[in-house]
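So the structure is just underneath, and the comments pick up after that.
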Amino acid sequence: MRLSVSNLSFSFGDSKVLRDISFDVANGEFLGLMGPNGSGKTTLLRCLTRYLPDGAHAILVDMKPLHTFTDREVARTFAVVPQSSSTDFPFTVKDIVMMGRIPHVHSRLATSRKGDAEAVSDAMSASGCAHLEDRPFSELSGGERQRVIIARALAQEPKVLLLDEPTVYLDISGQLEMMDLITKLNKEKSLTVVAVLHDINLAARYCDRIALLNQGRLEAIGPPENVLNSETILGVYGVDVAVRRDPFTHNVFVMPRSTCAPARKDGVRVHILCGGGSGGPAMRSLVENGFSISVGVLNVLDSDHECATDLRVRIVAEVPFAQISDDMHAENLRCIDETPLVVVTPFPVGPGNFKNLEAAMYALNAGKKVFIMAGGSTSGIDFVGGKADAYLSNLIASGAVKVDSVDHMLQLLAHEGAVKR
Amino acid sequence: MFIGLLVVLLLVSAFLAILVGTLGPIGPGDPERISFSDALDAILGLKSDHPAYYSSVFWDVRIPRVLLAGLVGASLACAGTAMQAIFRNSMADPFIIGVSSGAAVGAASAGLIGLTVVVGAFTAPMLAFACALVTVFVVYKMGTVRGKVYVDTLLLSGVAIAAFLGAVVSFLIYFAREDYHQLIPWLLGSLAVAKWSYVWILVVPVALGSFLISLYGRELNALLLGEETAHNLGADPEFLKKVMLATAALVTAGAVAFTGIIGFVGLIVPHMMRILVGADHRVLVPAATLFGASFLIWADALSRTLIPAQELPVGIITALCGGPFFLYLLRKNRTGGMMS
Ligand SMILES: Nc1ncnc2c1ncn2[C@@H]1O[C@H](COP(=O)(O)OP(=O)(O)O)[C@@H](O)[C@H]1O
Ligand SMILES: [Mg+2]
């Protein structure tokens, strides 16, 4: 099976909904269809099923134009799983799945052929709803219903399974189960899948390729790691996201950037000594409250380094997994020279980054205000045999202020007259 | 299997109903009670010592009446099942697209222009039939945009036009004055007019119509999950809606033209059968058709016997049984829905 769409345009009256869309889907592929609401995803699926018949000439299935198909042929080519299905009529699960046999019925007079019953029970086992067979469809949960609808789609014995946001109304476990089921059918039965998915991360995890629609145009198509980058997503969805890789699967995933306020250049300067993921909340709160921050010294790949990158603030960075070099230490001290305020977050202290504590002492000696944030029982995690805790106590004895939380620190800063906003 | 039971039930009901009546072994028995064996002899035409008119009571009156009741009940129930599927609404009935109100205008104007609604005149049924079809066509046109049938609009047009035609009927009745009482049995629905010619006229269309509807059982199932789903399953919803509406309208108009507006059969029989056989229209349509026939045969037998030496219009019986039963179903389904 090869599905090919070439220069498909579609309008509702005067409003153009699909513009010049071209793409191919290979046999056995899992293609994700994404895009903001109203970008034309559902319309594209409806063109494929010919529910909207005007686009059919632009669609080829195995080199055969779709408008030459009969309705039943179309239903043997594409099976659709909508967002949700419901009916007030007392259909059993088996009744619903049996509907999938309509495109295969040869004679109206034959009520139910043996082949139908087999196809129906196979479809129900494949989608894991055989045990629901005699239950009333309307009494099932959302996840169970979607399984039944997938069984109905399988009973159609289609070449392509089309899904329109099949997981929107499901909870997180339902979503994952549904996606696993679809992937299983895609792999084991080598069923071609075209799925509209609203969750970028789910799509990145399961799809072979992603087609991104924007205002009826095909903005990008390709493997998730190529399509899902922060520029494209900002362009299409208008949201600023950070793109990362899942450490276990190496699938890309995105998350909204951790700030809504842009970094200011004119706020009161604060330098943050952090690392090991301890600095994120302080960075974010300070930026949101209008401070202008710099951070140091951070190893590249440290999650604090990623946070700081997302916030686009000044970073004194060291190469991954290296000790803080003298150069970077000096750079760190230069940052401190420029700021009236220094914050020490409860970072794990080892021989490699002990210089960050020394930088705090440098700040105290230079007459800067130094805040030390508490982290649990001790100030941080000491990997240098108590030396770090001793050093912190020493800092507090020399005039550094211990604070319990970011909010506590913000209160004290407000008292100090450090301007908010 | 269940269908087989319904066939047996229908045959038994029809046979018993033939024996029910003022003149018969079952019933009030006034003024004359006939023994079982005499009745059987009369029906089977065996030589016996019973008076000769016994045979004509059964063959000229009772049997065509029971057959007509069966045909009308079958067509109303079958058409009602189809309408409920087309409108995806279990409150729909065969009259929803204006059949009854159109037919009423036809029957009433026959009364007004002096074409009396007396037994035997074909003018009134034909006028009722024609007006019913014209009304359905107007409603259909109102609910159709560029060849696509919008069932919501269709439903509302049906309601609006029924209200309008109701006023027209009242107007006609007002002017018909003394002829009005002749119209009452028709407006309430009655099988007293039954005769063999009606049976012969109705039997083929009703049989063909209900057969046609039952052939589309799978597609009607699909339609109940929405028109897009029906399309995706290869069941052309526009074609299906048109064929079903036309068939249901024809059989309903045919039935109504002769016997008048017999309410509730087309509404509650599909409901009762759905409770018993489920919603699969491959079974539901034949079940409702068969049971609708039995149901109206019983209702008619009841209308002949409930008040001695008098006859109630059968529409009163169906409404009297149907209304409360329907409310009961509504309540039951409501609470059932909440528990699930
Ligand atoms: N039946 C319709 N008539 C007119 N406009 C429609 C219709 N269906 C969808 N649209 C419009 O087409 C655009 C694309 O809709 P849709 O394909 O549903 O988007 P998506 O599924 O990506 O959210 C939207 O602007 C929507 O308003
Ligand atoms: Mg959509």
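By order in the structure tokens, chains are A, B, ...; within a chain, residues start at 1; ligands start at 1, following the order shown.
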Report task. Would you kindly return, as a PyMOL selection string, each protein, DNA or RNA residue with an atom no farther than 8 Å from any atom of stretch 12-23 of chain A, considering only C-alpha atoms and excluding same-chain residues fewer than 2 positions away? Result -> chain A and resi 4-10+25+39-40+43-44+215-218
Residues of the last selection are to be written out with N, CA and C atoms, as a PDB file, in the first residue's frame.
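As a result, result-v3.pdb now contains:
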ATOM      1  N   SER A   4      -0.524   8.493  -1.391  1.00  0.00           N
ATOM      2  CA  SER A   4       0.197   9.687  -1.804  1.00  0.00           C
ATOM      3  C   SER A   4      -0.777  10.837  -2.049  1.00  0.00           C
ATOM      4  N   VAL A   5      -0.455  11.941  -1.435  1.00  0.00           N
ATOM      5  CA  VAL A   5      -1.299  13.134  -1.523  1.00  0.00           C
ATOM      6  C   VAL A   5      -0.496  14.173  -2.286  1.00  0.00           C
ATOM      7  N   SER A   6      -1.052  14.679  -3.374  1.00  0.00           N
ATOM      8  CA  SER A   6      -0.267  15.669  -4.112  1.00  0.00           C
ATOM      9  C   SER A   6      -1.082  16.923  -4.390  1.00  0.00           C
ATOM     10  N   ASN A   7      -0.570  18.032  -3.924  1.00  0.00           N
ATOM     11  CA  ASN A   7      -1.173  19.346  -4.110  1.00  0.00           C
ATOM     12  C   ASN A   7      -2.649  19.366  -3.738  1.00  0.00           C
ATOM     13  N   LEU A   8      -2.931  18.856  -2.550  1.00  0.00           N
ATOM     14  CA  LEU A   8      -4.319  18.844  -2.079  1.00  0.00           C
ATOM     15  C   LEU A   8      -4.672  20.215  -1.497  1.00  0.00           C
ATOM     16  N   SER A   9      -5.711  20.819  -2.065  1.00  0.00           N
ATOM     17  CA  SER A   9      -6.250  22.048  -1.478  1.00  0.00           C
ATOM     18  C   SER A   9      -7.722  21.800  -1.193  1.00  0.00           C
ATOM     19  N   PHE A  10      -8.223  22.457  -0.172  1.00  0.00           N
ATOM     20  CA  PHE A  10      -9.639  22.284   0.152  1.00  0.00           C
ATOM     21  C   PHE A  10     -10.185  23.553   0.772  1.00  0.00           C
ATOM     22  N   VAL A  25       2.799   8.474   2.257  1.00  0.00           N
ATOM     23  CA  VAL A  25       2.887   7.616   3.428  1.00  0.00           C
ATOM     24  C   VAL A  25       3.273   6.231   2.929  1.00  0.00           C
ATOM     25  N   SER A  39      -5.999  23.988  12.320  1.00  0.00           N
ATOM     26  CA  SER A  39      -4.994  24.025  11.264  1.00  0.00           C
ATOM     27  C   SER A  39      -5.372  23.115  10.098  1.00  0.00           C
ATOM     28  N   GLY A  40      -6.423  22.307  10.265  1.00  0.00           N
ATOM     29  CA  GLY A  40      -6.906  21.512   9.132  1.00  0.00           C
ATOM     30  C   GLY A  40      -6.627  20.026   9.219  1.00  0.00           C
ATOM     31  N   THR A  43      -9.858  18.036   8.768  1.00  0.00           N
ATOM     32  CA  THR A  43     -10.265  18.216   7.376  1.00  0.00           C
ATOM     33  C   THR A  43      -9.430  17.326   6.454  1.00  0.00           C
ATOM     34  N   LEU A  44      -8.138  17.247   6.728  1.00  0.00           N
ATOM     35  CA  LEU A  44      -7.266  16.394   5.909  1.00  0.00           C
ATOM     36  C   LEU A  44      -7.710  14.931   6.001  1.00  0.00           C
ATOM     37  N   GLN A 215      -2.168  26.506   9.656  1.00  0.00           N
ATOM     38  CA  GLN A 215      -3.092  27.268   8.821  1.00  0.00           C
ATOM     39  C   GLN A 215      -3.277  26.633   7.455  1.00  0.00           C
ATOM     40  N   GLY A 216      -3.446  25.314   7.474  1.00  0.00           N
ATOM     41  CA  GLY A 216      -3.736  24.619   6.222  1.00  0.00           C
ATOM     42  C   GLY A 216      -2.542  24.312   5.357  1.00  0.00           C
ATOM     43  N   ARG A 217      -1.352  24.739   5.795  1.00  0.00           N
ATOM     44  CA  ARG A 217      -0.146  24.405   5.028  1.00  0.00           C
ATOM     45  C   ARG A 217       0.628  23.320   5.737  1.00  0.00           C
ATOM     46  N   LEU A 218       1.313  22.512   4.944  1.00  0.00           N
ATOM     47  CA  LEU A 218       2.206  21.526   5.543  1.00  0.00           C
ATOM     48  C   LEU A 218       3.510  22.235   5.858  1.00  0.00           C
TER      49      LEU A 218
END
Report task. Using DSSP on the backbone, list every residue of stretch 27-261 of chain B that comes out as helix (DSSP H, G or I), and give them as a PyMOL selection string. Result -> chain B and resi 36-44+53-86+99-112+123-142+151-188+196-215+217-223+227-232+237-259
Requested in this report: Could you please select, counting only C-alpha atoms, the residues of chain A within 9 Å of chain B and state them as JSON, numbers by chain?
Outcome: {"A": [49, 50, 51, 70, 71, 72, 73, 74, 75, 76, 78, 79, 80, 82, 85, 86, 87, 88, 89, 90, 91, 92, 95, 96, 98, 99, 100, 101, 102, 103, 108, 109, 111, 138, 139, 140, 153, 156]}
Selection to disk with N, CA, C and O atoms, as a compact mmCIF listing (two decimals), in the first residue's frame:
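result-v1.txt was written with the following content:
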# COMPACT_ATOMS: atom_id res chain seq x y z
N THR A 49 -10.91 10.12 3.77
CA THR A 49 -12.03 9.18 3.82
C THR A 49 -13.11 9.55 2.82
O THR A 49 -14.12 8.88 2.73
N ARG A 50 -12.91 10.66 2.14
CA ARG A 50 -13.87 11.17 1.15
C ARG A 50 -15.19 11.61 1.78
O ARG A 50 -16.18 11.77 1.08
N TYR A 51 -15.17 11.79 3.12
CA TYR A 51 -16.36 12.39 3.73
C TYR A 51 -16.51 13.79 3.17
O TYR A 51 -17.62 14.28 2.99
N THR A 70 -15.28 3.05 -5.04
CA THR A 70 -16.64 3.06 -4.51
C THR A 70 -16.57 3.36 -3.02
O THR A 70 -15.51 3.24 -2.41
N ASP A 71 -17.72 3.72 -2.42
CA ASP A 71 -17.73 4.00 -0.99
C ASP A 71 -17.22 2.81 -0.19
O ASP A 71 -16.50 2.96 0.80
N ARG A 72 -17.63 1.62 -0.62
CA ARG A 72 -17.21 0.44 0.12
C ARG A 72 -15.71 0.19 -0.04
O ARG A 72 -15.03 -0.25 0.89
N GLU A 73 -15.18 0.48 -1.22
CA GLU A 73 -13.73 0.35 -1.40
C GLU A 73 -12.98 1.32 -0.50
O GLU A 73 -11.95 0.98 0.08
N VAL A 74 -13.51 2.54 -0.39
CA VAL A 74 -12.87 3.52 0.50
C VAL A 74 -12.87 2.98 1.93
O VAL A 74 -11.88 3.06 2.64
N ALA A 75 -14.00 2.38 2.33
CA ALA A 75 -14.10 1.86 3.69
C ALA A 75 -13.24 0.62 3.90
O ALA A 75 -12.95 0.25 5.02
N ARG A 76 -12.84 -0.03 2.81
CA ARG A 76 -11.90 -1.15 2.96
C ARG A 76 -10.46 -0.65 2.91
O ARG A 76 -9.53 -1.41 3.15
N PHE A 78 -9.56 2.79 4.22
CA PHE A 78 -9.34 3.61 5.42
C PHE A 78 -10.35 3.23 6.49
O PHE A 78 -11.54 3.15 6.21
N ALA A 79 -9.88 3.04 7.71
CA ALA A 79 -10.79 2.90 8.84
C ALA A 79 -10.48 4.02 9.81
O ALA A 79 -9.32 4.38 9.99
N VAL A 80 -11.52 4.59 10.39
CA VAL A 80 -11.34 5.80 11.19
C VAL A 80 -11.67 5.54 12.66
O VAL A 80 -12.69 4.92 12.98
N PRO A 82 -12.49 7.94 15.67
CA PRO A 82 -12.67 9.35 16.05
C PRO A 82 -12.28 9.60 17.50
O PRO A 82 -11.91 8.67 18.22
N SER A 85 -16.82 8.12 20.72
CA SER A 85 -18.04 7.63 20.08
C SER A 85 -19.07 7.38 21.14
O SER A 85 -18.74 6.91 22.22
N SER A 86 -20.32 7.71 20.83
CA SER A 86 -21.36 7.39 21.81
C SER A 86 -22.68 7.19 21.09
O SER A 86 -22.87 7.64 19.97
N THR A 87 -23.56 6.48 21.74
CA THR A 87 -24.90 6.27 21.21
C THR A 87 -25.83 6.00 22.37
O THR A 87 -25.43 5.43 23.38
N ASP A 88 -27.08 6.46 22.25
CA ASP A 88 -28.08 6.18 23.29
C ASP A 88 -28.72 4.82 23.08
O ASP A 88 -29.48 4.36 23.92
N PHE A 89 -28.46 4.21 21.93
CA PHE A 89 -29.13 2.95 21.63
C PHE A 89 -28.36 1.78 22.22
O PHE A 89 -27.13 1.82 22.27
N PRO A 90 -29.06 0.75 22.67
CA PRO A 90 -28.40 -0.31 23.44
C PRO A 90 -27.59 -1.30 22.60
O PRO A 90 -27.87 -2.49 22.62
N PHE A 91 -26.60 -0.81 21.89
CA PHE A 91 -25.75 -1.71 21.13
C PHE A 91 -24.79 -2.44 22.07
O PHE A 91 -24.25 -1.83 22.99
N THR A 92 -24.56 -3.71 21.81
CA THR A 92 -23.50 -4.39 22.54
C THR A 92 -22.18 -4.13 21.82
O THR A 92 -22.15 -3.66 20.68
N ASP A 95 -22.09 -5.82 18.54
CA ASP A 95 -22.84 -5.10 17.50
C ASP A 95 -21.96 -4.02 16.87
O ASP A 95 -21.95 -3.84 15.65
N ILE A 96 -21.27 -3.29 17.74
CA ILE A 96 -20.45 -2.17 17.26
C ILE A 96 -19.33 -2.70 16.36
O ILE A 96 -19.08 -2.16 15.28
N MET A 98 -19.23 -5.47 14.75
CA MET A 98 -19.81 -6.06 13.54
C MET A 98 -20.07 -5.00 12.46
O MET A 98 -20.03 -5.30 11.27
N MET A 99 -20.27 -3.76 12.90
CA MET A 99 -20.48 -2.69 11.91
C MET A 99 -19.28 -2.56 10.97
O MET A 99 -19.42 -2.12 9.83
N GLY A 100 -18.12 -2.94 11.47
CA GLY A 100 -16.92 -2.87 10.63
C GLY A 100 -16.97 -3.80 9.43
O GLY A 100 -16.18 -3.66 8.50
N ARG A 101 -17.90 -4.73 9.43
CA ARG A 101 -17.98 -5.68 8.31
C ARG A 101 -18.83 -5.14 7.17
O ARG A 101 -18.90 -5.77 6.10
N ILE A 102 -19.48 -4.01 7.35
CA ILE A 102 -20.37 -3.49 6.30
C ILE A 102 -19.67 -3.42 4.94
O ILE A 102 -20.22 -3.89 3.95
N PRO A 103 -18.45 -2.90 4.86
CA PRO A 103 -17.84 -2.82 3.52
C PRO A 103 -17.49 -4.18 2.93
O PRO A 103 -17.13 -4.26 1.76
N ARG A 108 -27.01 -8.54 0.73
CA ARG A 108 -27.87 -8.04 1.80
C ARG A 108 -28.70 -9.14 2.42
O ARG A 108 -29.16 -9.03 3.54
N LEU A 109 -28.94 -10.19 1.64
CA LEU A 109 -29.84 -11.23 2.12
C LEU A 109 -29.17 -12.12 3.16
O LEU A 109 -29.81 -12.66 4.05
N THR A 111 -27.53 -12.78 6.36
CA THR A 111 -27.48 -12.00 7.59
C THR A 111 -26.06 -11.89 8.11
O THR A 111 -25.50 -10.82 8.21
N SER A 138 -22.64 1.56 25.67
CA SER A 138 -22.79 2.85 26.35
C SER A 138 -22.36 2.79 27.81
O SER A 138 -22.23 3.82 28.45
N GLU A 139 -22.14 1.59 28.33
CA GLU A 139 -21.74 1.51 29.75
C GLU A 139 -20.23 1.41 29.92
O GLU A 139 -19.74 1.28 31.04
N LEU A 140 -19.48 1.45 28.81
CA LEU A 140 -18.03 1.28 28.93
C LEU A 140 -17.35 2.59 29.28
O LEU A 140 -17.87 3.68 29.05
N ALA A 153 -12.58 -0.82 13.66
CA ALA A 153 -11.71 -0.41 12.54
C ALA A 153 -10.96 -1.62 12.00
O ALA A 153 -10.83 -1.79 10.79
N GLN A 156 -12.80 -3.86 9.71
CA GLN A 156 -12.90 -3.36 8.33
C GLN A 156 -11.76 -3.90 7.47
O GLN A 156 -11.77 -3.72 6.26
Report task. As an NGL selection string, please: all residues of stretch 260-292 of chain A that backbone DSSP puts in strand (DSSP E or B). Result -> :A and (269-273 or 292)
Query raised in the report: Quick one: residues within 8 Å of A:Val227, only C-alpha atoms counted, chain neighbours fewer than 3 positions away excluded, as a PyMOL selection string?
Result: chain A and resi 210-212+220-224+232
Atoms to include: N, CA and C atoms. Write the selected residues as a compact mmCIF listing (two decimals), in the first residue's frame.
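Saved as result-v4.txt:
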# COMPACT_ATOMS: atom_id res chain seq x y z
N ILE A 210 6.54 12.88 11.55
CA ILE A 210 5.50 13.82 11.96
C ILE A 210 5.27 14.82 10.84
N ALA A 211 4.00 15.04 10.52
CA ALA A 211 3.66 16.10 9.57
C ALA A 211 3.03 17.22 10.38
N LEU A 212 3.58 18.41 10.21
CA LEU A 212 3.12 19.54 11.01
C LEU A 212 2.34 20.50 10.12
N ALA A 220 6.07 21.25 7.94
CA ALA A 220 7.26 20.40 7.97
C ALA A 220 6.81 18.96 8.02
N ILE A 221 7.62 18.07 7.47
CA ILE A 221 7.34 16.64 7.61
C ILE A 221 8.67 15.92 7.71
N GLY A 222 8.75 14.96 8.62
CA GLY A 222 10.01 14.24 8.79
C GLY A 222 10.05 13.56 10.14
N PRO A 223 11.18 12.96 10.48
CA PRO A 223 11.30 12.30 11.78
C PRO A 223 11.12 13.32 12.90
N PRO A 224 10.60 12.89 14.04
CA PRO A 224 10.30 13.83 15.13
C PRO A 224 11.47 14.74 15.46
N THR A 232 10.60 25.89 15.00
CA THR A 232 9.39 25.48 14.30
C THR A 232 8.19 25.55 15.23
Requested in this report: Do a neighbour search on stretch 142-152 of chain B at 6 Å with only C-alpha atoms, toss out local chain neighbours closer than 3 positions, and write the hits as number ranges by chain.
Outcome: B: 87, 139, 155
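Between atom CA of A:Ala366 and atom CA of A:Leu311 lies a distance of 27.7 Å.
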Report task. Residues within 8 Å of ligand 2, counting only C-alpha atoms and all ligand atoms: report them as a count of residues only. Result -> 9
Query - Residue contacts of stretch 193-196 of chain B (12 Å, only C-alpha atoms) excluding same-chain residues fewer than 2 positions away, as a VMD selection string - result: chain B and resid 57 to 72 117 to 122 125 182 185 to 186 189 to 191 198 to 203 255 257 to 260 300 311 313 to 314
Requested in this report: Take atom CA of B:Phe211 and atom CA of B:Thr289 and report the distance between them in Å, one decimal.
Outcome: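 For atom CA of B:Phe211 relative to atom CA of B:Thr289, the distance reads 9.5 Å.
Look at stretch 10-19 of chain B: the protein and nucleic acid residues within 8 Å of it, using only C-alpha atoms and passing over chain neighbours fewer than 2 places away, are Leu6, Val7, Val8, Gly21, Gly24, Pro25, Ile26, Ala39, Phe58, Arg62, Ile63, Val66, Leu67, Gly70, Leu290, Phe291, Ala293, Ser294, Ile297, Trp298 and Ala301 of chain B.
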Query raised in the report: Could you pull the residues within 10 Å of stretch 406-410 of chain A, counting only C-alpha atoms, minus those fewer than 2 positions along the same chain, as a list in words?
Result: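 The filter keeps Pro281, Ala282, Met283, Arg284, Ser285, Leu286, Asn289, Val343, Thr345, Phe371, Ile372, Met373, Ala374, Val401, Lys402, Val403, Asp404, Leu412, Leu413, Ala414, His415, Glu416, Ala418 and Lys420 of chain A.
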